[in-house]
Amino acid sequence: MANHVRQQLREAVATAVTGLTTTSTRVFQSRFYPLQTSELPCLVITTDGDQAENLTIHNPVEQQRATRVRVEAYARATASLDDTLDTICKEVETAIANASSSTVKGLMYLGTQLDTEVLGDQPVGRATMIFSKDLYTVSNAPDVLIG
């Protein structure tokens with residue numbers, strides 16, 4: 001049995017953005033433990049859930065799941081923080097747009113939120129990019145992409 005389609009999407013996005021110039025292999029999924037400053041700059045990939053719409057009335061029901069993916073870029077707060085975050089965003093958006101994975105193809109960019117926070121005693125910047133993709137499944141197989 002394959003993983004849930006949200007997990008498949010999250011993993012495919014993580015693969016697509018691993019190895020970028022600025023963040024390299026520092027790509028994490030669903031971080032539970034706090035980031036360390038030694039891990040910066042980095043990306044954290046999560047899924048925010050999905051909105052499902054039933055497309056058929058017979059059982060099993062075919063579903064369209066509008067699934068949101070959050071890609072958070074973290075970097076140390078320096079004089080060039082905005083430039084660093086914008087560079088990471090450019091790299092991520094380009095990698096996703098050019099991804100060869102059918103799971104990632106069609107992922108729509110919805111926008112970015114920039115802010116700062118404190119990590120330990122170090123101020124850091126964060127760019128939160130939101131993407132969305134419609135995933136199609138049937139109600140009795142949320143691990144199988146159809147269509």
# chains A, B, ... in the order shown; residues from 1 in each chain; ligands from 1
>>> closest_atom_pairs(of="region 40-59 of chain A", to="region 79-87 of chain A", cutoff="12 Å", atoms="only C-alpha atoms", output="tab-separated table")
residue	atom	partner	partner_atom	distance
A:Leu40	CA	A:Thr84	CA	11.2
A:Pro41	CA	A:Thr84	CA	8.8
A:Cys42	CA	A:Leu85	CA	10.3
A:Leu43	CA	A:Leu85	CA	10.8
>>> select_by_dssp(residues="region 53-145 of chain A", states="strand (DSSP E or B)", output="number ranges by chain")
A: 53-54, 62-76, 108-119, 122-138, 141
>>> write_last_selection(atoms="N, CA and C atoms", output="short mmCIF file (atom, residue, chain, number, x, y, z; two decimals), in the first residue's frame")
data_model
loop_
_atom_site.label_atom_id
_atom_site.label_comp_id
_atom_site.auth_asym_id
_atom_site.auth_seq_id
_atom_site.Cartn_x
_atom_site.Cartn_y
_atom_site.Cartn_z
N GLU A 53 -13.99 17.42 -2.59
CA GLU A 53 -15.29 17.55 -3.25
C GLU A 53 -15.59 16.22 -3.92
N ASN A 54 -16.77 15.70 -3.65
CA ASN A 54 -17.19 14.44 -4.29
C ASN A 54 -17.59 14.72 -5.73
N GLU A 62 -15.55 9.14 -6.28
CA GLU A 62 -14.37 9.82 -6.81
C GLU A 62 -14.31 11.20 -6.18
N GLN A 63 -13.11 11.59 -5.76
CA GLN A 63 -12.95 12.85 -5.04
C GLN A 63 -11.88 13.72 -5.69
N GLN A 64 -12.13 15.01 -5.61
CA GLN A 64 -11.12 16.01 -5.98
C GLN A 64 -10.68 16.65 -4.68
N ARG A 65 -9.39 16.58 -4.39
CA ARG A 65 -8.84 17.13 -3.15
C ARG A 65 -7.96 18.33 -3.47
N ALA A 66 -8.39 19.52 -3.11
CA ALA A 66 -7.57 20.72 -3.27
C ALA A 66 -6.58 20.72 -2.10
N THR A 67 -5.35 20.34 -2.39
CA THR A 67 -4.34 20.11 -1.35
C THR A 67 -3.35 21.26 -1.31
N ARG A 68 -3.14 21.81 -0.12
CA ARG A 68 -2.22 22.94 0.05
C ARG A 68 -0.88 22.46 0.60
N VAL A 69 0.18 22.94 -0.03
CA VAL A 69 1.54 22.63 0.39
C VAL A 69 2.20 23.93 0.84
N ARG A 70 2.84 23.87 1.99
CA ARG A 70 3.55 25.03 2.55
C ARG A 70 5.05 24.73 2.46
N VAL A 71 5.79 25.64 1.83
CA VAL A 71 7.25 25.54 1.77
C VAL A 71 7.79 26.75 2.54
N GLU A 72 8.39 26.48 3.69
CA GLU A 72 8.93 27.56 4.52
C GLU A 72 10.44 27.60 4.34
N ALA A 73 10.93 28.77 3.97
CA ALA A 73 12.37 29.01 3.82
C ALA A 73 12.84 29.79 5.03
N TYR A 74 13.90 29.31 5.67
CA TYR A 74 14.47 29.98 6.84
C TYR A 74 15.91 30.40 6.53
N ALA A 75 16.28 31.60 6.99
CA ALA A 75 17.66 32.10 6.82
C ALA A 75 17.99 33.00 8.00
N ARG A 76 19.28 33.07 8.32
CA ARG A 76 19.73 33.96 9.39
C ARG A 76 19.41 35.41 9.03
N MET A 108 0.22 24.82 -8.19
CA MET A 108 0.01 26.25 -8.43
C MET A 108 0.55 27.07 -7.27
N TYR A 109 1.30 28.10 -7.59
CA TYR A 109 1.81 29.04 -6.60
C TYR A 109 0.69 30.00 -6.21
N LEU A 110 0.44 30.14 -4.90
CA LEU A 110 -0.63 31.01 -4.42
C LEU A 110 -0.14 32.29 -3.77
N GLY A 111 1.12 32.29 -3.28
CA GLY A 111 1.64 33.50 -2.66
C GLY A 111 2.68 33.20 -1.60
N THR A 112 3.29 34.28 -1.10
CA THR A 112 4.36 34.19 -0.09
C THR A 112 4.12 35.20 1.01
N GLN A 113 4.39 34.78 2.23
CA GLN A 113 4.35 35.67 3.41
C GLN A 113 5.76 35.74 3.98
N LEU A 114 6.29 36.94 4.22
CA LEU A 114 7.62 37.12 4.80
C LEU A 114 7.47 37.61 6.23
N ASP A 115 8.27 37.05 7.14
CA ASP A 115 8.29 37.52 8.52
C ASP A 115 9.59 37.12 9.19
N THR A 116 9.74 37.53 10.44
CA THR A 116 10.93 37.19 11.22
C THR A 116 10.50 36.55 12.53
N GLU A 117 11.42 35.80 13.10
CA GLU A 117 11.19 35.17 14.40
C GLU A 117 12.55 34.97 15.06
N VAL A 118 12.53 34.46 16.27
CA VAL A 118 13.77 34.18 16.98
C VAL A 118 13.93 32.67 17.11
N LEU A 119 15.08 32.18 16.72
CA LEU A 119 15.41 30.76 16.80
C LEU A 119 16.56 30.64 17.78
N GLN A 122 19.00 33.65 18.05
CA GLN A 122 19.34 34.21 16.74
C GLN A 122 18.08 34.63 15.99
N PRO A 123 18.00 35.90 15.58
CA PRO A 123 16.86 36.28 14.74
C PRO A 123 16.99 35.64 13.36
N VAL A 124 15.88 35.15 12.85
CA VAL A 124 15.86 34.53 11.52
C VAL A 124 14.69 35.08 10.72
N GLY A 125 14.82 34.98 9.43
CA GLY A 125 13.74 35.36 8.54
C GLY A 125 13.07 34.11 8.00
N ARG A 126 11.80 34.26 7.68
CA ARG A 126 11.05 33.12 7.13
C ARG A 126 10.20 33.62 5.97
N ALA A 127 10.27 32.89 4.88
CA ALA A 127 9.38 33.12 3.74
C ALA A 127 8.50 31.89 3.62
N THR A 128 7.20 32.07 3.76
CA THR A 128 6.26 30.96 3.66
C THR A 128 5.57 31.02 2.31
N MET A 129 5.92 30.07 1.46
CA MET A 129 5.32 29.97 0.13
C MET A 129 4.19 28.95 0.18
N ILE A 130 3.06 29.30 -0.40
CA ILE A 130 1.90 28.40 -0.42
C ILE A 130 1.63 27.98 -1.86
N PHE A 131 1.46 26.68 -2.03
CA PHE A 131 1.14 26.09 -3.32
C PHE A 131 -0.12 25.24 -3.16
N SER A 132 -0.79 24.96 -4.25
CA SER A 132 -1.98 24.12 -4.21
C SER A 132 -2.04 23.23 -5.44
N LYS A 133 -2.58 22.05 -5.25
CA LYS A 133 -2.78 21.14 -6.37
C LYS A 133 -4.03 20.31 -6.11
N ASP A 134 -4.80 20.10 -7.16
CA ASP A 134 -5.94 19.20 -7.06
C ASP A 134 -5.45 17.78 -7.27
N LEU A 135 -5.70 16.92 -6.28
CA LEU A 135 -5.36 15.51 -6.35
C LEU A 135 -6.66 14.73 -6.46
N TYR A 136 -6.70 13.72 -7.31
CA TYR A 136 -7.91 12.95 -7.53
C TYR A 136 -7.73 11.55 -6.98
N THR A 137 -8.69 11.12 -6.15
CA THR A 137 -8.65 9.80 -5.52
C THR A 137 -10.06 9.22 -5.54
N VAL A 138 -10.17 8.01 -5.01
CA VAL A 138 -11.49 7.45 -4.71
C VAL A 138 -11.55 7.27 -3.20
N ALA A 141 -9.59 4.56 -1.41
CA ALA A 141 -8.16 4.43 -1.70
C ALA A 141 -7.48 5.81 -1.70
#
>>> closest_residue(among="A:Ala2, A:Ile57, A:Ala16, A:Val27", to="Thr94 (chain A)", atoms="only C-alpha atoms")
A:Ala16
>>> closest_residue(among="A:Thr25, A:Thr103, A:Gln51, A:Thr46", to="Ile146 (chain A)", atoms="only C-alpha atoms")
A:Thr103
>>> atom_distance(atom1="CA of Leu20 (chain A)", atom2="CA of Val92 (chain A)")
7.7 Å
>>> atom_distance(atom1="CA of Ala52 (chain A)", atom2="CA of Ala14 (chain A)")
23.3 Å
>>> residues_around(residues="Thr21 (chain A)", least_positions_apart="3", cutoff="10 Å", atoms="only C-alpha atoms", output="PyMOL selection string")
chain A and resi 17-18+24-25+87-88+91
>>> write_last_selection(atoms="N, CA, C and O atoms", output="CSV table (one decimal), in the first residue's frame")
chain,number,residue,atom,x,y,z
A,17,VAL,N,12.9,20.1,-4.5
A,17,VAL,CA,13.6,21.3,-4.0
A,17,VAL,C,14.9,20.9,-3.2
A,17,VAL,O,15.6,21.8,-2.7
A,18,THR,N,15.2,19.6,-3.2
A,18,THR,CA,16.5,19.2,-2.6
A,18,THR,C,17.6,19.4,-3.6
A,18,THR,O,17.5,19.1,-4.7
A,24,SER,N,20.6,23.7,-0.4
A,24,SER,CA,21.3,22.4,-0.6
A,24,SER,C,20.4,21.2,-0.2
A,24,SER,O,19.3,21.1,-0.6
A,25,THR,N,20.9,20.4,0.7
A,25,THR,CA,20.1,19.2,1.1
A,25,THR,C,19.4,19.5,2.5
A,25,THR,O,18.8,18.5,3.0
A,87,THR,N,16.0,35.0,-3.0
A,87,THR,CA,16.8,34.1,-3.8
A,87,THR,C,16.3,32.6,-3.6
A,87,THR,O,16.1,31.9,-4.6
A,88,ILE,N,16.0,32.3,-2.3
A,88,ILE,CA,15.5,31.0,-2.0
A,88,ILE,C,14.1,30.8,-2.7
A,88,ILE,O,13.9,29.7,-3.3
A,91,GLU,N,14.5,30.1,-6.3
A,91,GLU,CA,15.0,28.7,-6.6
A,91,GLU,C,13.9,27.7,-6.4
A,91,GLU,O,13.7,26.8,-7.2
>>> select_by_dssp(residues="region 9-145 of chain A", states="alpha helix (DSSP H)", output="ChimeraX atom specification")
/A:9-17,81-97
>>> atom_distance(atom1="CA of Asp48 (chain A)", atom2="CA of Gln29 (chain A)")
12.2 Å
>>> closest_residue(among="A:Val144, A:Ile45, A:Cys89, A:Leu9", to="Phe28 (chain A)", atoms="only C-alpha atoms")
A:Ile45
>>> closest_residue(among="A:Lys90, A:Ser102, A:Gln7, A:Asn140", to="His58 (chain A)", atoms="only C-alpha atoms")
A:Asn140
